[in-house]
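Pasted below: run_19.csv, CSV, C-alpha atoms and all ligand atoms.
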```csv
chain,number,residue,atom,x,y,z
X,1,MET,CA,92.3,112.2,82.8
X,2,GLN,CA,92.6,111.2,79.1
X,3,ILE,CA,96.1,111.9,77.8
X,4,GLU,CA,97.1,112.3,74.2
X,5,MET,CA,98.8,109.1,73.0
X,6,THR,CA,102.0,109.1,71.0
X,7,GLN,CA,103.1,105.8,69.5
X,8,PRO,CA,106.5,105.2,71.0
X,9,GLN,CA,109.3,104.0,68.7
X,10,THR,CA,111.7,102.9,71.4
X,11,ILE,CA,110.3,101.4,74.6
X,12,PRO,CA,112.5,102.1,77.7
X,13,ILE,CA,113.2,99.3,80.2
X,14,TYR,CA,113.8,100.9,83.6
X,15,PRO,CA,115.4,99.3,86.7
X,16,ALA,CA,113.9,99.9,90.1
X,17,PHE,CA,112.8,103.4,91.1
X,18,ASP,CA,113.7,104.5,94.6
X,19,LYS,CA,110.9,106.9,95.4
X,20,LEU,CA,107.2,107.4,94.9
X,21,LEU,CA,106.7,108.9,91.4
X,22,PRO,CA,103.8,110.3,89.5
X,23,ILE,CA,102.1,107.5,87.5
X,24,GLU,CA,102.8,109.3,84.2
X,25,ASN,CA,106.5,108.6,84.7
X,26,PHE,CA,105.7,104.9,84.3
X,27,TYR,CA,103.6,105.2,81.1
X,28,GLN,CA,104.7,103.2,78.0
X,29,SER,CA,107.6,101.5,79.8
X,30,ILE,CA,108.7,98.2,81.2
X,31,ILE,CA,110.1,98.0,84.7
X,32,SER,CA,112.6,95.2,85.2
X,33,ASN,CA,112.2,94.6,88.9
X,34,GLU,CA,110.2,92.8,91.7
X,35,THR,CA,106.5,93.4,91.4
X,36,LEU,CA,105.8,94.2,95.1
X,37,ALA,CA,108.6,96.7,95.4
X,38,THR,CA,107.6,98.4,92.1
X,39,LEU,CA,103.9,98.6,93.1
X,40,GLN,CA,104.9,100.2,96.4
X,41,GLN,CA,106.5,103.1,94.3
X,42,MET,CA,103.3,103.8,92.5
X,43,PRO,CA,100.7,106.3,93.7
X,44,ALA,CA,97.2,105.2,94.9
X,45,ASN,CA,94.1,105.3,92.6
X,46,SER,CA,96.1,105.6,89.4
X,47,ILE,CA,95.4,102.5,87.3
X,48,ASP,CA,92.2,101.6,85.3
X,49,LEU,CA,93.0,97.9,84.6
X,50,ILE,CA,95.4,95.3,85.9
X,51,LEU,CA,95.5,92.2,83.7
X,52,THR,CA,98.0,89.6,84.7
X,53,SER,CA,98.9,86.0,85.2
X,54,PRO,CA,101.1,85.3,88.3
X,55,PRO,CA,103.4,82.4,88.7
X,56,TYR,CA,101.5,79.2,89.5
X,57,PHE,CA,104.0,77.6,91.9
X,58,LEU,CA,104.9,75.0,89.2
X,59,ASP,CA,108.7,75.3,89.7
X,60,LYS,CA,109.1,77.3,86.4
X,61,GLU,CA,112.6,78.8,85.8
X,62,TYR,CA,111.3,82.2,86.9
X,63,GLU,CA,109.8,81.0,90.2
X,64,ASP,CA,111.7,81.4,93.5
X,65,ASP,CA,109.1,80.6,96.3
X,66,LYS,CA,110.3,77.8,98.5
X,67,THR,CA,106.9,76.8,100.1
X,68,PHE,CA,103.3,77.0,98.9
X,69,MET,CA,102.4,79.0,102.0
X,70,GLY,CA,105.2,81.5,101.3
X,71,TYR,CA,104.0,81.8,97.7
X,72,LEU,CA,100.4,82.6,98.8
X,73,SER,CA,101.6,85.1,101.4
X,74,LYS,CA,103.7,87.0,98.8
X,75,GLN,CA,100.7,87.0,96.4
X,76,THR,CA,98.5,88.3,99.1
X,77,GLN,CA,100.8,91.3,99.7
X,78,ILE,CA,100.8,92.0,96.0
X,79,ILE,CA,97.0,91.8,95.7
X,80,LYS,CA,96.7,94.4,98.6
X,81,GLU,CA,99.0,96.7,96.6
X,82,CYS,CA,96.9,96.1,93.5
X,83,ASN,CA,93.8,97.3,95.5
X,84,ARG,CA,95.7,100.5,96.5
X,85,VAL,CA,96.9,101.4,93.0
X,86,LEU,CA,93.6,100.7,91.2
X,87,LYS,CA,91.3,103.6,90.6
X,88,PRO,CA,87.9,103.4,92.5
X,89,THR,CA,86.4,102.4,89.1
X,90,GLY,CA,89.2,100.0,88.3
X,91,SER,CA,89.2,96.3,87.4
X,92,ILE,CA,91.6,93.5,87.9
X,93,TYR,CA,91.7,90.3,85.8
X,94,TRP,CA,93.7,87.6,87.4
X,95,ASN,CA,94.6,84.5,85.3
X,96,VAL,CA,95.4,81.2,86.9
X,97,ALA,CA,95.4,77.5,86.0
X,98,GLN,CA,95.6,74.7,88.6
X,99,THR,CA,98.8,73.8,90.4
X,100,VAL,CA,100.0,70.4,91.6
X,101,GLN,CA,101.5,69.5,95.0
X,102,GLU,CA,102.4,65.9,95.8
X,103,ASN,CA,100.2,64.4,93.1
X,104,GLU,CA,97.2,66.4,94.1
X,105,ILE,CA,95.6,69.2,92.1
X,106,LEU,CA,95.2,72.5,94.0
X,107,PRO,CA,92.6,74.8,92.6
X,108,LEU,CA,94.5,78.1,92.5
X,109,GLY,CA,91.4,80.0,91.3
X,110,ALA,CA,89.5,79.1,94.5
X,111,MET,CA,92.4,80.0,96.7
X,112,PHE,CA,92.9,83.4,95.0
X,113,TYR,CA,89.1,84.0,95.3
X,114,SER,CA,89.4,83.9,99.1
X,115,ILE,CA,92.5,86.1,99.1
X,116,PHE,CA,90.8,88.7,97.0
X,117,LYS,CA,87.8,88.6,99.3
X,118,ASN,CA,90.0,89.0,102.4
X,119,VAL,CA,92.4,91.8,101.5
X,120,GLY,CA,91.3,93.5,104.7
X,121,ALA,CA,91.7,97.1,105.6
X,122,VAL,CA,92.9,98.3,102.2
X,123,GLY,CA,89.5,98.0,100.5
X,124,ASN,CA,87.1,95.5,98.9
X,125,PHE,CA,87.1,93.5,95.7
X,126,TYR,CA,83.9,92.2,94.2
X,127,MET,CA,83.8,89.4,91.6
X,128,LYS,CA,82.0,90.2,88.4
X,129,ASN,CA,82.9,87.0,86.4
X,130,TRP,CA,84.8,83.8,86.7
X,131,ILE,CA,85.8,83.2,83.1
X,132,ILE,CA,86.9,79.8,81.8
X,133,TRP,CA,89.0,79.9,78.7
X,134,HIS,CA,89.7,76.7,76.8
X,135,PHE,CA,92.8,75.9,74.8
X,136,GLU,CA,93.9,73.0,72.6
X,137,GLY,CA,97.3,71.3,73.0
X,138,GLY,CA,99.4,70.7,76.1
X,139,ILE,CA,100.6,67.8,78.2
X,140,ASN,CA,98.7,64.6,77.9
X,141,CYS,CA,98.2,63.1,81.4
X,142,LYS,CA,98.3,59.4,82.0
X,143,ASN,CA,96.7,59.1,85.4
X,144,ARG,CA,94.0,61.8,85.2
X,145,LEU,CA,92.2,63.9,82.6
X,146,SER,CA,94.4,66.3,80.7
X,147,GLY,CA,94.0,70.0,81.7
X,148,ARG,CA,92.6,72.2,78.9
X,149,TYR,CA,91.3,75.3,80.6
X,150,GLU,CA,92.4,78.2,82.7
X,151,ASN,CA,90.5,80.6,85.0
X,152,LEU,CA,90.3,84.4,84.5
X,153,LEU,CA,88.9,86.0,87.7
X,154,TRP,CA,87.5,89.4,87.2
X,155,PHE,CA,87.1,91.7,90.3
X,156,VAL,CA,86.1,95.3,90.6
X,157,LYS,CA,86.6,97.8,93.5
X,158,ASN,CA,83.1,99.3,93.1
X,159,LYS,CA,80.4,96.8,92.0
X,160,GLU,CA,78.1,99.6,90.8
X,161,ASN,CA,80.6,101.7,88.9
X,162,TYR,CA,83.2,100.1,86.6
X,163,THR,CA,83.9,100.0,82.9
X,164,PHE,CA,82.3,97.2,80.8
X,165,ASN,CA,82.0,98.1,77.1
X,166,LEU,CA,79.9,95.1,76.0
X,167,ASP,CA,79.4,96.4,72.4
X,168,GLU,CA,83.2,96.4,71.9
X,169,ILE,CA,83.4,92.7,72.4
X,170,ARG,CA,80.2,91.3,71.0
X,171,ILE,CA,80.5,88.2,68.7
X,172,PRO,CA,78.3,87.1,65.8
X,173,SER,CA,75.4,84.9,66.9
X,174,LYS,CA,74.3,81.8,64.9
X,175,TRP,CA,70.9,83.3,64.3
X,176,GLN,CA,72.4,86.6,63.1
X,177,GLN,CA,74.6,84.7,60.7
X,178,LEU,CA,71.5,82.9,59.4
X,179,GLY,CA,70.0,86.3,58.6
X,180,ASP,CA,67.5,86.7,61.5
X,181,LYS,CA,66.7,90.4,61.5
X,182,ARG,CA,65.6,90.4,65.1
X,183,CYS,CA,69.2,89.8,66.3
X,184,ASN,CA,71.3,92.7,67.6
X,185,PRO,CA,73.4,93.6,64.5
X,186,LEU,CA,76.4,94.1,66.8
X,187,GLY,CA,76.3,90.5,67.8
X,188,LYS,CA,75.8,88.7,71.1
X,189,ASN,CA,77.5,88.7,74.5
X,190,PRO,CA,80.6,86.4,74.3
X,191,THR,CA,79.6,84.7,77.7
X,192,ASP,CA,82.0,83.6,80.4
X,193,PHE,CA,83.3,80.6,78.5
X,194,TRP,CA,85.9,81.6,75.9
X,195,VAL,CA,87.3,79.6,73.0
X,196,PHE,CA,89.5,81.2,70.5
X,197,GLU,CA,89.7,80.0,66.9
X,198,ASP,CA,92.6,77.6,66.4
X,199,GLU,CA,94.9,79.5,64.1
X,200,THR,CA,97.5,76.8,63.7
X,201,GLU,CA,97.0,76.4,60.0
X,202,LYS,CA,97.5,80.1,59.3
X,203,GLU,CA,100.5,80.1,61.7
X,204,LEU,CA,102.2,77.2,60.0
X,205,ALA,CA,102.5,79.3,56.9
X,206,PHE,CA,104.7,81.6,59.0
X,207,LEU,CA,107.4,79.0,59.4
X,208,ASP,CA,110.5,78.8,57.4
X,209,THR,CA,109.8,76.5,54.5
X,210,GLU,CA,113.1,74.7,55.0
X,211,ASN,CA,111.7,72.9,58.0
X,212,SER,CA,110.2,69.5,57.7
X,213,ILE,CA,106.8,68.5,59.1
X,214,TYR,CA,108.7,66.4,61.7
X,215,GLU,CA,110.4,69.5,63.0
X,216,ILE,CA,107.2,71.4,63.1
X,217,HIS,CA,105.6,68.8,65.3
X,218,ARG,CA,108.6,68.5,67.5
X,219,ILE,CA,108.5,72.1,68.4
X,220,ALA,CA,104.8,71.7,69.2
X,221,ASN,CA,103.3,75.0,70.3
X,222,ASN,CA,106.3,76.9,69.2
X,223,ASN,CA,105.0,77.1,65.7
X,224,LYS,CA,102.5,79.7,66.8
X,225,LYS,CA,103.4,83.1,65.4
X,226,GLU,CA,102.8,84.8,68.7
X,227,LYS,CA,105.1,82.5,70.6
X,228,THR,CA,108.3,83.9,72.0
X,229,ASN,CA,111.0,82.6,74.4
X,230,HIS,CA,108.5,82.8,77.3
X,231,PRO,CA,107.0,79.5,78.4
X,232,CYS,CA,103.5,80.8,79.4
X,233,GLN,CA,102.1,83.5,77.2
X,234,PHE,CA,98.6,85.0,77.1
X,235,PRO,CA,96.8,84.6,73.7
X,236,GLU,CA,96.6,88.1,72.2
X,237,LYS,CA,92.9,87.6,71.5
X,238,LEU,CA,92.1,87.1,75.2
X,239,VAL,CA,94.0,90.2,76.1
X,240,GLU,CA,92.3,92.2,73.3
X,241,ARG,CA,88.8,91.2,74.6
X,242,VAL,CA,89.7,92.2,78.2
X,243,ILE,CA,91.3,95.6,77.3
X,244,LYS,CA,88.4,96.5,74.9
X,245,SER,CA,85.7,95.7,77.5
X,246,ALA,CA,87.4,97.1,80.6
X,247,THR,CA,89.0,100.3,79.4
X,248,ASN,CA,88.7,103.2,77.0
X,249,GLN,CA,91.3,104.9,74.9
X,250,GLY,CA,93.8,106.8,77.1
X,251,ASP,CA,93.1,104.6,80.1
X,252,VAL,CA,96.0,103.0,82.0
X,253,VAL,CA,96.6,99.3,81.8
X,254,LEU,CA,99.2,97.5,84.0
X,255,ASP,CA,100.5,94.0,83.8
X,256,ILE,CA,102.4,93.2,87.1
X,257,PHE,CA,103.8,89.9,85.7
X,258,ASN,CA,104.5,91.1,82.3
X,259,GLY,CA,106.5,88.2,80.8
X,260,SER,CA,106.8,88.6,77.0
X,261,GLY,CA,104.6,91.7,77.2
X,262,THR,CA,101.4,90.5,75.5
X,263,THR,CA,99.2,92.8,77.6
X,264,CYS,CA,101.4,95.8,76.9
X,265,LYS,CA,101.6,95.1,73.2
X,266,VAL,CA,97.9,94.9,72.8
X,267,ALA,CA,97.3,97.9,75.0
X,268,ASN,CA,99.7,99.9,72.9
X,269,ASP,CA,98.0,98.8,69.7
X,270,LEU,CA,94.6,99.9,71.2
X,271,GLN,CA,95.9,103.3,72.2
X,272,ARG,CA,95.9,102.8,75.9
X,273,ASN,CA,98.6,103.9,78.3
X,274,TRP,CA,100.4,100.8,79.6
X,275,ILE,CA,103.0,99.7,82.1
X,276,GLY,CA,104.7,96.3,82.4
X,277,ILE,CA,106.6,94.8,85.4
X,278,ASP,CA,108.8,91.7,85.3
X,279,LYS,CA,111.8,90.7,87.3
X,280,GLU,CA,113.5,88.7,84.4
X,281,GLU,CA,115.5,90.9,82.1
X,282,LYS,CA,115.5,88.5,79.2
X,283,TYR,CA,111.6,88.6,79.1
X,284,CYS,CA,111.7,92.4,79.4
X,285,LYS,CA,114.0,92.5,76.3
X,286,VAL,CA,111.7,90.3,74.3
X,287,ALA,CA,108.6,92.3,75.4
X,288,LYS,CA,110.3,95.5,74.3
X,289,LEU,CA,111.0,94.2,70.8
X,290,LYS,CA,107.4,92.7,70.6
X,291,ILE,CA,105.8,96.1,71.5
X,292,GLU,CA,108.0,97.9,69.1
X,293,ASN,CA,107.0,95.4,66.3
X,294,ASN,CA,110.7,94.7,66.0
X,295,LEU,CA,110.8,91.0,67.1
X,296,GLN,CA,112.0,88.4,64.6
X,297,LYS,CA,111.6,84.7,65.1
X,298,VAL,CA,113.7,82.4,63.0
X,299,VAL,CA,113.7,78.6,62.9
X,300,LYS,CA,117.0,77.2,61.8
X,301,ASN,CA,118.6,73.8,62.3
X,302,ASN,CA,115.7,72.7,64.6
X,303,LYS,CA,116.3,75.6,66.9
X,304,ILE,CA,114.3,78.8,67.5
X,305,TYR,CA,115.9,82.1,67.8
X,306,PHE,CA,114.4,85.5,68.8
X,307,THR,CA,116.2,88.6,67.7
X,308,ASN,CA,115.5,92.1,66.4
X,309,LEU,CA,114.6,92.7,62.8
X,310,GLU,CA,118.1,94.1,61.9
X,311,GLU,CA,119.9,90.9,62.9
X,312,THR,CA,120.8,88.6,60.1
X,313,THR,CA,120.4,84.9,60.3
X,314,GLU,CA,124.1,84.6,60.7
X,315,HIS,CA,124.0,86.4,64.0
X,316,LEU,CA,121.1,84.8,65.9
X,317,THR,CA,122.5,85.0,69.3
X,318,LEU,CA,120.1,87.3,71.2
X,319,PHE,CA,117.5,84.9,72.6
X,320,GLU,CA,118.1,81.3,71.7
X,321,ARG,CA,115.6,78.5,72.7
X,322,ASP,CA,116.5,74.9,71.7
X,323,GLU,CA,113.9,72.9,73.7
X,324,PRO,CA,110.2,72.6,73.1
X,325,LEU,CA,108.4,75.4,75.0
X,326,GLN,CA,106.2,74.0,77.9
X,327,SER,CA,102.6,74.8,78.5
X,328,HIS,CA,101.2,76.0,81.8
X,329,HIS,CA,100.2,72.4,82.4
X,330,SER,CA,103.6,70.8,82.3
X,331,GLY,CA,104.1,68.6,85.3
X,332,LEU,CA,100.3,68.1,85.8
X,401,LIG,C1,102.9,83.4,83.9
X,401,LIG,S1,104.2,84.5,83.4
X,401,LIG,C2,103.3,85.8,82.6
X,401,LIG,C3,103.3,85.7,81.1
X,401,LIG,C4,102.6,86.8,80.4
X,401,LIG,N1,101.2,86.8,80.7
X,401,LIG,C5,102.9,86.7,78.9
X,401,LIG,O1,101.9,86.9,78.1
X,401,LIG,O2,104.0,86.5,78.4
X,401,LIG,C6,104.7,85.2,84.9
X,401,LIG,C7,105.8,86.2,84.9
X,401,LIG,O3,106.0,86.7,86.2
X,401,LIG,C8,107.4,87.0,86.4
X,401,LIG,N2,107.6,87.0,87.8
X,401,LIG,C9,107.5,86.0,88.7
X,401,LIG,N3,107.7,86.4,90.0
X,401,LIG,C10,107.9,87.8,89.9
X,401,LIG,C11,108.2,88.8,90.9
X,401,LIG,N4,108.2,88.5,92.2
X,401,LIG,N5,108.4,90.0,90.5
X,401,LIG,C12,108.3,90.3,89.1
X,401,LIG,N6,108.1,89.4,88.2
X,401,LIG,C13,107.9,88.2,88.5
X,401,LIG,C14,108.1,85.9,85.6
X,401,LIG,O4,109.4,86.3,85.2
X,401,LIG,C15,107.2,85.6,84.5
X,401,LIG,O5,107.6,86.2,83.3
```
Output the file's structure in the form of structure tokens.
Ligand SMILES: C[S@@+](CC[C@H](N)C(=O)[O-])C[C@H]1O[C@@H](n2cnc3c(N)ncnc32)[C@H](O)[C@@H]1O
Amino acid sequence: MQIEMTQPQTIPIYPAFDKLLPIENFYQSIISNETLATLQQMPANSIDLILTSPPYFLDKEYEDDKTFMGYLSKQTQIIKECNRVLKPTGSIYWNVAQTVQENEILPLGAMFYSIFKNVGAVGNFYMKNWIIWHFEGGINCKNRLSGRYENLLWFVKNKENYTFNLDEIRIPSKWQQLGDKRCNPLGKNPTDFWVFEDETEKELAFLDTENSIYEIHRIANNNKKEKTNHPCQFPEKLVERVIKSATNQGDVVLDIFNGSGTTCKVANDLQRNWIGIDKEEKYCKVAKLKIENNLQKVVKNNKIYFTNLEETTEHLTLFERDEPLQSHHSGL
């Protein structure tokens, strides 16, 4: 059912719910709670798209799994719940990089593929694409090649009946740009290898001009306009491509590891219904401000502060970050 969208001005952050609720009760809100428990409170067959990036077992500040097997077992339970809450025509896009255990790379994409294919009695998942997306910047490894890609695994519940709006995500082809009239005027299929334009130059202009070039380099990736206090954000352009291709206006988009709320912000801008879940309240607060277009980032005295637009630079206490943010690949 397509619902009429109203652009929310104030995004609620809810704690845990204690009973199964109609899915509409969750629309346009962030739930600050454990993913598994929250999914268990959602009705079956109610979500069109789950786009998410789980923790990678990299010992980030928000990770609490003690063993790798325990981590995989928890993710398996969550993936089963994802199968239940997705509509029969639904899609799930699962973003992972590699993880490292005792100086050995573990290919999380391959491990998750086998989990998705073995969710058992709840229902099937079928892979439609294994997307590789390339990024610049990150840790420079000394004893192996530096990691510069992540994996976006796209699964559907019904391999014959799912949403894929190719025309919404076509990109200009070289021949088209050279004026070849035989080309599709809407552009070409963007393929399963994604590279997004490096917008660093444009983003540098965003920085406070008081800052020296030295400081700009020291904070590395932090100069990106999109960056918040979260260490592992999705690029907005990646999210936009997925949401445009996998949903229509009024559909329901869920991010079960919502972080700084990139999925929800883009879904909101594209007039989709959306729901975000994250157990860390500090990320939920930033996500709320980001979706409300009320997030201000200020660089002052070599520190980065996140606050709402009403705060003055004298009162930058809301979300302070004084260390360089790390990429997904720290520790590799
Ligand atoms: C890789 S980050 C997602 C970042 C997000 N894609 C963004 O653009 O900001 C994973 C997020 O999952 C959250 N998280 C980890 N384990 C969780 C759990 N068991 N329940 C709820 N949230 C969890 C963390 O707090 C973290 O913000």
| said: Quick one: residues within 12 Å of Met127 of chain X, all atoms listed in the file, excluding same-chain residues fewer than 5 positions away - as a PyMOL selection string? | reply: chain X and resi 91-94+112-117+152-160+162
| Nearest candidate to ligand LIG 401 (chain X) (options X:Leu289, X:Ile277, X:Ile139, X:Leu86; using all atoms listed in the file) |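 Closest to ligand LIG 401 (chain X) of all the choices is X:Ile277.
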| field | Within 7 Å of ligand LIG 401 (chain X), counting all atoms listed in the file, residues as a VMD selection string | value | chain X and resid 33 to 36 52 to 55 62 to 63 230 232 to 234 256 to 263 277 to 280 283
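The neighbours of Asp167 of chain X here are the residues that come within 10 Å of it, using all atoms listed in the file and leaving out any residue fewer than 5 positions away in the same chain; they are Leu186, Gly187, Lys188, Asn189, Lys244 and Ser245 of chain X.
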Could you please take those selected residues and save C-alpha atoms as a PDB file, keeping the file's coordinate frame?
```pdb
ATOM      1  CA  LEU X 186      76.400  94.100  66.800  1.00  0.00           C
ATOM      2  CA  GLY X 187      76.300  90.500  67.800  1.00  0.00           C
ATOM      3  CA  LYS X 188      75.800  88.700  71.100  1.00  0.00           C
ATOM      4  CA  ASN X 189      77.500  88.700  74.500  1.00  0.00           C
ATOM      5  CA  LYS X 244      88.400  96.500  74.900  1.00  0.00           C
ATOM      6  CA  SER X 245      85.700  95.700  77.500  1.00  0.00           C
TER       7      SER X 245
END
```
| X:Gln40, X:Glu281, X:Phe193, X:Asp251 ranked by distance to Pro15 of chain X, top pick (using only C-alpha atoms) |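 Smallest separation from Pro15 of chain X among the options: X:Glu281.
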| request: List every protein, DNA or RNA residue that has an atom no more than 12 Å from (100.8, 61.4, 91.7) in the file's coordinate frame, counting only C-alpha atoms, and report them as number ranges by chain. | output: X: 100-105, 141-144, 331-332
| query | Which is closer to Ile131 of chain X than all the others in X:Gln249, X:Ser46, X:Thr191, X:Thr99, using all atoms listed in the file? | reply | X:Thr191
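One finds atom CA of Gly137 of chain X at 18.8 Å from atom CA of Tyr56 of chain X.
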| Please, which residues are within 6 Å of (85.1, 103.3, 79.3) by the file's coordinates, counting all atoms listed in the file, and could they come as number ranges by chain? | X: 163, 247-248
| What is the atom CA of Ile23 of chain X-atom CA of Val252 of chain X distance in Å, reported with one decimal? |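 Straight-line distance from atom CA of Ile23 of chain X to atom CA of Val252 of chain X works out to 9.4 Å.
Shortest separation to Glu168 of chain X among X:Val96, X:Ala44, X:Leu270, X:Ile50 occurs at residue X:Leu270, atoms counted being all atoms listed in the file.
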| Given only C-alpha atoms as the counted atoms, nearest of X:Leu254, X:Cys264, X:Val242, X:Ile291 to Asn129 of chain X | X:Val242
| query | With all atoms listed in the file as the atoms that count, which of X:Ile30, X:Ala110, X:Ile79, X:Leu20 lies nearest to Lys288 of chain X? | reply |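 Under the stated criterion, the closest residue is X:Ile30.
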| What separation in Å, quoted to one decimal, exists between atom CA of Leu39 of chain X and atom CA of Phe164 of chain X? |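 About the pair atom CA of Leu39 of chain X and atom CA of Phe164 of chain X: they are 24.9 Å apart.
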